[in-house]
Structures are given as C-alpha cells and as structure tokens.
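target.txt, holding compact mmCIF, C-alpha atoms and all ligand atoms:
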# COMPACT_ATOMS: atom_id res chain seq x y z
CA MET A 1 125.61 45.27 170.64
CA LYS A 2 121.99 45.99 169.80
CA ALA A 3 121.19 47.11 166.26
CA ILE A 4 118.30 47.37 163.84
CA ARG A 5 118.88 45.10 160.85
CA ILE A 6 117.00 44.58 157.59
CA HIS A 7 117.34 41.14 155.98
CA GLU A 8 114.97 41.71 153.07
CA PRO A 9 113.20 44.85 151.76
CA GLY A 10 109.71 45.61 152.96
CA ASP A 11 107.43 47.57 155.29
CA ILE A 12 108.26 48.55 158.89
CA ALA A 13 108.02 44.89 159.98
CA VAL A 14 111.43 44.18 158.35
CA LEU A 15 113.20 46.43 160.90
CA HIS A 16 114.49 43.78 163.34
CA TYR A 17 116.03 44.70 166.71
CA GLU A 18 118.87 42.19 167.04
CA GLU A 19 122.08 41.30 168.87
CA VAL A 20 125.08 41.87 166.54
CA ASP A 21 128.86 41.61 167.07
CA ILE A 22 130.54 44.91 167.98
CA PRO A 23 132.64 45.91 164.91
CA ASP A 24 136.40 46.51 165.31
CA PRO A 25 138.05 49.56 163.72
CA GLY A 26 140.59 48.77 160.97
CA VAL A 27 143.51 50.89 159.75
CA GLY A 28 142.48 54.56 159.65
CA GLN A 29 139.07 53.80 161.18
CA VAL A 30 137.33 54.94 164.33
CA ARG A 31 134.63 53.18 166.34
CA VAL A 32 131.90 55.47 167.68
CA ARG A 33 129.64 54.62 170.63
CA LEU A 34 126.48 56.10 169.14
CA ARG A 35 124.07 58.04 171.37
CA ALA A 36 121.57 59.20 168.75
CA ALA A 37 120.72 58.57 165.10
CA GLY A 38 118.77 60.86 162.79
CA VAL A 39 116.05 59.23 160.65
CA ASN A 40 116.08 60.32 156.99
CA HIS A 41 113.77 59.54 154.07
CA ARG A 42 116.78 57.79 152.63
CA ASP A 43 116.47 55.16 155.41
CA ILE A 44 112.92 54.42 154.26
CA TRP A 45 114.12 54.04 150.66
CA VAL A 46 116.86 51.65 151.87
CA ARG A 47 114.27 49.66 153.85
CA ARG A 48 111.99 49.40 150.81
CA GLY A 49 114.86 48.20 148.60
CA ASN A 50 114.81 51.27 146.31
CA PHE A 51 118.61 51.18 146.11
CA GLY A 52 118.63 47.57 144.95
CA ALA A 53 118.38 44.07 146.35
CA PHE A 54 120.26 43.12 149.53
CA THR A 55 123.23 40.77 149.39
CA HIS A 56 123.53 40.79 153.20
CA ALA A 57 121.68 42.17 156.23
CA ILE A 58 121.83 45.97 156.35
CA ILE A 59 121.95 48.25 159.39
CA PRO A 60 120.23 51.43 158.11
CA GLY A 61 120.87 55.00 159.19
CA SER A 62 123.35 57.59 157.88
CA ASP A 63 123.26 60.34 160.50
CA GLY A 64 124.49 59.88 164.05
CA SER A 65 126.39 61.31 166.98
CA GLY A 66 128.27 59.83 169.90
CA GLU A 67 131.69 59.38 171.47
CA VAL A 68 134.88 57.92 170.06
CA ASP A 69 135.12 54.46 171.63
CA ALA A 70 138.20 52.91 169.96
CA ILE A 71 140.68 53.89 167.24
CA GLY A 72 142.39 51.75 164.62
CA ALA A 73 146.07 51.80 163.61
CA GLY A 74 147.22 55.04 162.01
CA VAL A 75 144.39 57.21 163.32
CA THR A 76 145.81 60.61 164.20
CA ARG A 77 142.89 63.02 164.51
CA TRP A 78 140.77 61.43 167.22
CA ALA A 79 141.12 60.17 170.76
CA VAL A 80 138.84 57.96 172.85
CA GLY A 81 136.08 59.98 174.55
CA GLN A 82 135.77 62.82 172.03
CA LYS A 83 132.22 63.73 171.04
CA VAL A 84 131.68 63.46 167.30
CA VAL A 85 129.10 63.81 164.53
CA ILE A 86 129.12 61.50 161.51
CA ASN A 87 129.77 63.08 158.10
CA PRO A 88 128.17 60.29 156.07
CA GLY A 89 129.55 60.77 152.53
CA LEU A 90 132.09 58.02 151.76
CA SER A 91 134.52 58.55 148.85
CA CYS A 92 138.00 57.50 147.73
CA GLY A 93 139.77 60.69 148.89
CA ILE A 94 142.38 60.69 146.10
CA CYS A 95 140.59 61.23 142.75
CA VAL A 96 140.25 64.62 141.03
CA ALA A 97 136.69 65.11 142.34
CA CYS A 98 137.73 64.31 145.92
CA LEU A 99 140.84 66.50 145.78
CA LYS A 100 138.83 69.52 144.69
CA GLY A 101 136.28 68.90 147.43
CA ASP A 102 133.43 67.69 145.23
CA THR A 103 133.12 64.31 146.95
CA PRO A 104 129.64 63.42 145.54
CA ALA A 105 131.21 63.44 142.04
CA CYS A 106 133.66 60.70 143.09
CA ARG A 107 132.98 57.46 141.21
CA THR A 108 133.09 55.54 144.49
CA PHE A 109 130.83 57.99 146.36
CA ARG A 110 128.20 56.41 148.57
CA ILE A 111 126.37 57.32 151.73
CA PHE A 112 127.21 55.47 154.94
CA ASP A 113 124.54 53.14 156.35
CA GLY A 114 124.81 51.82 159.90
CA THR A 115 123.79 54.30 162.60
CA TYR A 116 120.73 52.38 163.84
CA ALA A 117 123.12 50.62 166.25
CA GLU A 118 125.01 51.09 169.50
CA TYR A 119 128.37 51.20 167.67
CA ALA A 120 129.52 52.14 164.17
CA VAL A 121 132.96 52.08 162.49
CA LEU A 122 133.91 54.81 160.02
CA PRO A 123 137.02 56.24 158.33
CA GLU A 124 138.50 58.93 160.58
CA GLU A 125 137.89 61.60 157.91
CA ASN A 126 134.14 60.94 158.17
CA LEU A 127 133.89 62.38 161.70
CA VAL A 128 133.45 66.00 162.75
CA ALA A 129 133.88 67.36 166.29
CA MET A 130 130.48 67.89 167.91
CA PRO A 131 129.79 71.57 168.59
CA GLY A 132 129.38 72.67 172.18
CA GLY A 133 125.85 73.50 173.27
CA LEU A 134 124.18 70.77 171.20
CA THR A 135 122.63 67.60 172.59
CA PHE A 136 123.47 64.26 170.98
CA ALA A 137 119.96 64.20 169.49
CA GLU A 138 120.40 67.66 167.96
CA ALA A 139 123.84 66.78 166.60
CA ALA A 140 122.45 63.59 165.02
CA SER A 141 119.79 65.59 163.18
CA ILE A 142 122.19 67.78 161.17
CA GLY A 143 124.12 65.70 158.63
CA VAL A 144 122.10 64.68 155.58
CA PRO A 145 119.51 67.51 155.59
CA TYR A 146 121.84 70.46 156.16
CA VAL A 147 124.58 69.12 153.87
CA THR A 148 122.03 68.51 151.10
CA ALA A 149 120.42 71.94 151.47
CA GLU A 150 123.68 73.86 151.70
CA ASP A 151 125.01 72.04 148.63
CA PHE A 152 122.10 72.99 146.37
CA LEU A 153 121.94 76.54 147.73
CA VAL A 154 125.60 77.08 146.87
CA ARG A 155 125.23 75.50 143.41
CA SER A 156 122.07 77.49 142.63
CA GLY A 157 123.94 80.77 142.98
CA VAL A 158 121.07 82.49 144.83
CA LEU A 159 121.70 86.00 146.11
CA PRO A 160 120.48 87.97 149.13
CA GLY A 161 117.00 89.41 148.56
CA GLN A 162 115.94 86.73 146.08
CA THR A 163 112.81 84.64 146.56
CA MET A 164 112.39 80.92 147.30
CA LEU A 165 109.34 78.67 147.06
CA LEU A 166 109.87 75.76 149.46
CA TRP A 167 107.71 72.63 149.24
CA GLY A 168 107.70 70.18 152.16
CA ALA A 169 108.85 72.93 154.49
CA THR A 170 108.12 71.10 157.77
CA GLY A 171 110.33 68.05 157.15
CA GLY A 172 113.94 67.80 158.30
CA LEU A 173 115.23 68.84 154.88
CA GLY A 174 112.60 71.58 154.60
CA LEU A 175 113.49 73.23 157.90
CA ALA A 176 117.23 72.96 157.15
CA THR A 177 116.59 74.63 153.78
CA LEU A 178 114.45 77.35 155.39
CA GLN A 179 117.12 78.22 157.96
CA LEU A 180 120.00 78.20 155.48
CA ALA A 181 117.97 80.34 153.06
CA LYS A 182 117.29 82.90 155.79
CA VAL A 183 121.00 82.97 156.73
CA ARG A 184 121.56 83.91 153.05
CA GLY A 185 118.98 86.69 153.17
CA LEU A 186 116.37 85.07 150.92
CA LYS A 187 112.64 85.74 151.13
CA VAL A 188 111.05 82.31 151.69
CA VAL A 189 107.50 81.24 150.85
CA ALA A 190 107.00 77.92 152.66
CA VAL A 191 104.39 75.34 151.67
CA THR A 192 102.72 73.06 154.22
CA ARG A 193 99.67 70.80 154.24
CA SER A 194 98.62 71.85 157.74
CA GLN A 195 97.23 75.14 159.07
CA SER A 196 98.50 74.16 162.53
CA ARG A 197 102.13 74.47 161.36
CA VAL A 198 101.91 78.00 159.97
CA ASP A 199 102.95 79.81 163.14
CA ARG A 200 105.95 77.55 163.75
CA LEU A 201 107.13 77.96 160.14
CA ARG A 202 107.02 81.72 160.62
CA GLN A 203 108.92 81.31 163.91
CA TYR A 204 111.73 79.59 161.98
CA GLY A 205 111.86 82.37 159.42
CA ALA A 206 109.22 81.77 156.71
CA ASP A 207 108.14 85.13 155.28
CA GLU A 208 104.91 83.71 153.84
CA VAL A 209 103.20 80.34 154.28
CA LEU A 210 100.89 78.70 151.73
CA ILE A 211 98.57 75.83 152.71
CA TYR A 212 98.47 73.05 150.15
CA GLY A 213 95.72 70.44 149.88
CA ALA A 214 95.75 67.53 147.41
CA GLY A 215 94.66 68.84 144.00
CA ASP A 216 95.27 72.51 144.84
CA ASP A 217 97.15 74.71 142.40
CA LEU A 218 99.32 77.29 144.17
CA SER A 219 100.65 78.89 140.98
CA ASP A 220 98.29 81.90 141.16
CA ALA A 221 99.04 82.46 144.85
CA VAL A 222 102.79 82.34 144.10
CA MET A 223 102.41 84.87 141.28
CA SER A 224 100.39 87.27 143.44
CA LEU A 225 103.04 87.07 146.20
CA THR A 226 105.72 88.05 143.67
CA GLN A 227 103.76 90.69 141.71
CA GLY A 228 103.50 88.28 138.76
CA ARG A 229 107.22 87.70 138.57
CA GLY A 230 107.71 84.19 139.92
CA MET A 231 110.31 82.69 142.26
CA ASP A 232 114.08 82.89 141.82
CA ILE A 233 114.46 79.38 143.23
CA VAL A 234 111.89 76.63 143.76
CA VAL A 235 112.83 73.68 145.99
CA ASP A 236 110.71 70.61 145.28
CA SER A 237 110.97 67.37 147.28
CA VAL A 238 107.34 66.35 146.60
CA GLY A 239 107.65 65.29 142.95
CA ARG A 240 104.64 64.25 140.91
CA GLU A 241 102.01 66.28 142.82
CA SER A 242 103.94 69.55 142.75
CA PHE A 243 106.30 69.46 139.77
CA GLN A 244 104.11 71.29 137.21
CA GLN A 245 103.36 74.03 139.72
CA SER A 246 107.04 74.29 140.55
CA LEU A 247 107.98 74.71 136.89
CA SER A 248 105.31 77.36 136.29
CA SER A 249 106.38 79.21 139.47
CA VAL A 250 110.05 79.72 138.49
CA VAL A 251 111.01 83.17 137.22
CA ARG A 252 112.70 83.44 133.81
CA GLY A 253 116.33 82.47 134.37
CA GLY A 254 115.49 80.92 137.74
CA VAL A 255 116.41 77.58 139.31
CA LEU A 256 114.21 74.53 139.92
CA VAL A 257 115.81 72.21 142.49
CA THR A 258 114.55 68.63 142.56
CA VAL A 259 115.60 67.00 145.81
CA GLY A 260 113.18 64.12 146.30
CA SER A 261 109.90 62.71 145.07
CA THR A 262 107.75 61.70 148.03
CA THR A 263 104.61 61.51 145.83
CA GLY A 264 106.33 59.75 142.92
CA GLY A 265 109.18 60.46 140.53
CA GLN A 266 107.49 60.13 137.11
CA VAL A 267 106.46 63.55 135.71
CA SER A 268 105.80 65.03 132.28
CA LEU A 269 108.09 67.89 131.38
CA ASP A 270 107.33 70.73 128.94
CA LEU A 271 110.79 71.31 127.50
CA GLY A 272 109.59 74.52 125.82
CA ARG A 273 108.87 75.97 129.22
CA VAL A 274 112.36 74.99 130.39
CA PHE A 275 114.32 76.46 127.46
CA ARG A 276 112.16 79.48 126.62
CA HIS A 277 112.26 80.57 130.28
CA ARG A 278 115.94 79.62 130.58
CA VAL A 279 115.20 77.51 133.69
CA THR A 280 118.11 75.76 135.38
CA MET A 281 117.11 72.27 136.55
CA LEU A 282 119.28 71.27 139.48
CA GLY A 283 119.32 67.74 140.92
CA ALA A 284 120.35 67.58 144.56
CA PHE A 285 121.55 64.55 146.52
CA MET A 286 123.82 65.03 149.53
CA GLY A 287 126.89 67.23 149.13
CA SER A 288 130.59 67.63 149.76
CA ASN A 289 132.18 66.41 152.99
CA SER A 290 133.60 69.92 153.38
CA ILE A 291 130.13 71.34 154.14
CA LEU A 292 129.42 69.91 157.60
CA PRO A 293 132.61 71.21 159.28
CA ARG A 294 131.95 74.61 157.70
CA LEU A 295 128.39 74.79 159.10
CA MET A 296 129.22 73.69 162.67
CA PRO A 297 130.12 77.20 163.93
CA LEU A 298 126.65 78.38 162.84
CA PHE A 299 125.11 75.80 165.19
CA SER A 300 127.48 76.75 168.02
CA ARG A 301 126.34 80.35 167.92
CA GLY A 302 122.67 79.62 167.36
CA ALA A 303 122.34 80.93 163.80
CA LEU A 304 121.14 77.44 162.85
CA VAL A 305 118.89 75.47 165.20
CA PRO A 306 118.22 71.74 164.76
CA VAL A 307 114.48 71.07 165.07
CA ILE A 308 113.45 67.75 166.63
CA ASP A 309 109.89 66.51 166.32
CA ASN A 310 110.14 63.26 168.27
CA SER A 311 112.61 60.77 169.76
CA TYR A 312 112.22 57.00 169.97
CA PRO A 313 114.42 54.38 171.64
CA LEU A 314 116.38 52.34 169.07
CA GLU A 315 114.13 49.29 169.44
CA GLN A 316 111.17 51.38 168.25
CA ALA A 317 112.70 52.24 164.87
CA ASP A 318 109.56 50.77 163.26
CA GLN A 319 107.41 53.34 165.08
CA ALA A 320 109.79 56.10 163.98
CA HIS A 321 109.46 55.04 160.33
CA ASP A 322 105.68 54.76 160.70
CA GLN A 323 105.46 58.35 161.96
CA MET A 324 107.67 59.64 159.16
CA GLU A 325 105.73 57.81 156.44
CA ASN A 326 102.16 58.18 157.68
CA HIS A 327 101.71 60.85 160.35
CA GLY A 328 103.74 63.91 159.36
CA VAL A 329 106.57 65.66 161.13
CA PHE A 330 107.77 69.09 162.14
CA GLY A 331 111.53 68.59 162.04
CA LYS A 332 113.55 65.46 162.63
CA ILE A 333 112.77 62.04 164.05
CA ILE A 334 115.58 60.76 166.27
CA LEU A 335 116.50 57.32 167.61
CA THR A 336 118.36 57.19 170.94
CA MET A 337 120.64 54.48 172.34
ZN ZN A 401 137.26 60.14 144.87

Translate the structure described by the file into structure tokens.
Amino acid sequence: MKAIRIHEPGDIAVLHYEEVDIPDPGVGQVRVRLRAAGVNHRDIWVRRGNFGAFTHAIIPGSDGSGEVDAIGAGVTRWAVGQKVVINPGLSCGICVACLKGDTPACRTFRIFDGTYAEYAVLPEENLVAMPGGLTFAEAASIGVPYVTAEDFLVRSGVLPGQTMLLWGATGGLGLATLQLAKVRGLKVVAVTRSQSRVDRLRQYGADEVLIYGAGDDLSDAVMSLTQGRGMDIVVDSVGRESFQQSLSSVVRGGVLVTVGSTTGGQVSLDLGRVFRHRVTMLGAFMGSNSILPRLMPLFSRGALVPVIDNSYPLEQADQAHDQMENHGVFGKIILTM
C-alpha cells in the first residue's frame, strides 16, 4: 500500500510517500481501507519529534474514515464493507479509568497514529459507524477536534447563556468548539487574525468577532463586550501570545482552558490572579472514547457541520502540512486516498 512515513523528525521534507506492506488484523482487530484522513496539529508535533525520538518509521495521522476491509479473529461488531470513522484514543479497556469511561486517564492511554495510509489496523472498539449524509472527507475531519472540544466543555461545567472567548476560532478545533458551544447555548466571542474570516465565523454561530494582530491587547474589547464582567470560559490554543489576555479576561470563578500553544508554551503566571479570582485552569487533550459515538447523531441531523478548508491527495501531505503551518486555514485540511 501507499503511505506517508517519517523516518526522522524534521520539516515537511521528512514526509516520505512510500510503498509499505499492507498490515494484517490480529485478534480483535479490524483493517480499514481508508478513504480520507484529517490533518491535526498533533501530526505536525509528531513530525517535528515533539513527542520524543523515533525508534522506527512512523505513519502519522490520527483521524480517518473508510470501509472495513478485513476482520481478525474474535471480531463481533463489524463486517467487511461497513463505513467507519476512527475513534483514535487507545487504552487498556479494563482499568478503573477505562471502566468509568474516562479513557484519557488510563495509564496506557495514547492516540493512534497511522491514517496517512491506504490501510490501517485498529482494535474493533476504536471504530464508530459513519453517519449517513457525511462524505468520507467530512467524517475524517471530526475525531480529534470534536472529541477534544466536547471533553473540555463538559468538564468546564458551562451553562446555557454563559459567555466564551475563543482564540484560534478558524482552525479545526476552533470551529468544532464554536459549534459545540452554540449547541450548548453559549454566547461566543471568536478571535481571528483576518478580517476576511469575520462573516464566515458569524455564519457558523459566532455572536461577536474580534480581530487580533500581533501585539494587540484585546482585554479592553472583551471587557466592553461583557459590561466589564469578563468571560465565563476562555479557550486558548495560542499560548504565549494570548495567555496573559486570556487570564485577565476570565470572570471571577470562571474557567481558563489551555488546549494548545501554537505560539509557544512557556508563559509567566500571576498566581495571585488565579487564586484571588478563583480561576479554574483546565488542561485539555483529547477525551473519552464515549464522546464520538454520542456526537454522531448531531452530525446526522445537521446540528454539527464539519468544515473543510482544503483537500490534498495523500502524496501531497507535505503541502497539507505547509498550508496548516504557514498559510492559515478555515476548518480542516484533509488527505484523500
Ligand atoms: Zn485503562
């Protein structure tokens, strides 16, 4: 089969389009003939070696959709030909965390890598039936962003009518967060770097849109939008550039979600501000495997709409990464095979 492999960490040049043996499914495993893969920031971190050195060549990619191609011994839930979406959180399935549905707390929890390929093999419990009405590309764009956003929204305890400040609103995670927040009845103030994206953010539910340029301070604008009160929840995936503004924008007793650090992860933190204002700091990274099956009906009936910016054939994964890193997106980047 054809696959993108990384032999050593680096820039987009380390994404090699290669011929690789088709994997066979073992006991309890299913082989999927992939039709589309969603590109996540995580894939870029994997490529750069941020998760550690490589001991062997890695096929990146956590999100994907396709058709069941072969099943291993003992598989009971799937048959060849069924359309499926990958639920990429891998865990032991038998520890206390797994049994209560909190799979990311499992000591063996990790995120699947391997969807930049024509075939992938996964445990049967890591597949979800693909909802009717979605294309393979749309289905491949759901996993990591919607699971991550739904997880931190649930844990934050936000209520209908509350306010959200959303940095990085035009990315895959940002648009997933925006849609899930609107389903919950939140008022969302979205932040973007580009005037040209304001109308589309409003189309997807943003109540207000703030334009952010490097060096800007949006704190005053946030306060005037909330009559000096501040935001009930601030979602920050930007990191160093935005963190201070995020902290000063949270209402007393509010929640600051940190879910990425695209401009760097080292920040200085005024603990007095955190404890005097009773701010909850909430780290977000993926979520339970129970989330994706629960969200699928919302896609079937159009309450959630995957947003795709651009599709590339698998062999152009380097171009897909280049767009994501250097040229901005409105929604997801997809690879097709
Ligand atoms: Zn476990």

Contact residues around stretch 315-318 of chain A with all atoms listed in the file at 10 Å, ignoring same-chain residues under 4 positions, as a VMD selection string: chain A and resid 2 to 4 11 to 18 39 116 to 117 311 322 to 324 333 to 337

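When all atoms listed in the file are used to compute distances to ligand ZN 401 (chain A), the closest of the residues A:Cys106, A:Val20, A:Ala36, A:Val30 turns out to be A:Cys106.
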
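When all atoms listed in the file are used to compute distances to ligand ZN 401 (chain A), the closest of the residues A:Met164, A:Leu210, A:Cys92, A:Leu218 turns out to be A:Cys92.
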
Name the residues, using the chain letters and numbers of the file, that sit within 9 Å of (125.1, 66.3, 157.6) when counting only C-alpha atoms, and give them as an NGL selection string. :A and (62-63 or 85-89 or 140-148 or 286-287 or 289 or 291-292)

Env. residues ligand ZN 401 (chain A) / 7 Å / all atoms listed in the file / as a ChimeraX atom specification: /A:91-98,103,106-109

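Nearest to A:Ser156 of all the residues A:Gly239, A:Gly10, A:Pro131, A:Gly253 is A:Gly253, based on all atoms listed in the file.
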
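Interatomic distance, atom CA of A:Leu186 against atom CA of A:Leu165: 10.3 Å.
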
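Closest approach to A:Tyr119 among A:Val68, A:Leu134, A:Ala181, A:Leu99: A:Val68, based on only C-alpha atoms.
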
A:Gly272 surroundings by only C-alpha atoms, 12 Å radius, close-in-sequence under 5 positions cut, as a PDB file with C-alpha atoms, in the frame of the given file:
ATOM      1  CA  LEU A 247     107.980  74.710 136.890  1.00  0.00           C
ATOM      2  CA  SER A 248     105.310  77.360 136.290  1.00  0.00           C
ATOM      3  CA  HIS A 277     112.260  80.570 130.280  1.00  0.00           C
ATOM      4  CA  ARG A 278     115.940  79.620 130.580  1.00  0.00           C
ATOM      5  CA  VAL A 279     115.200  77.510 133.690  1.00  0.00           C
TER       6      VAL A 279
END
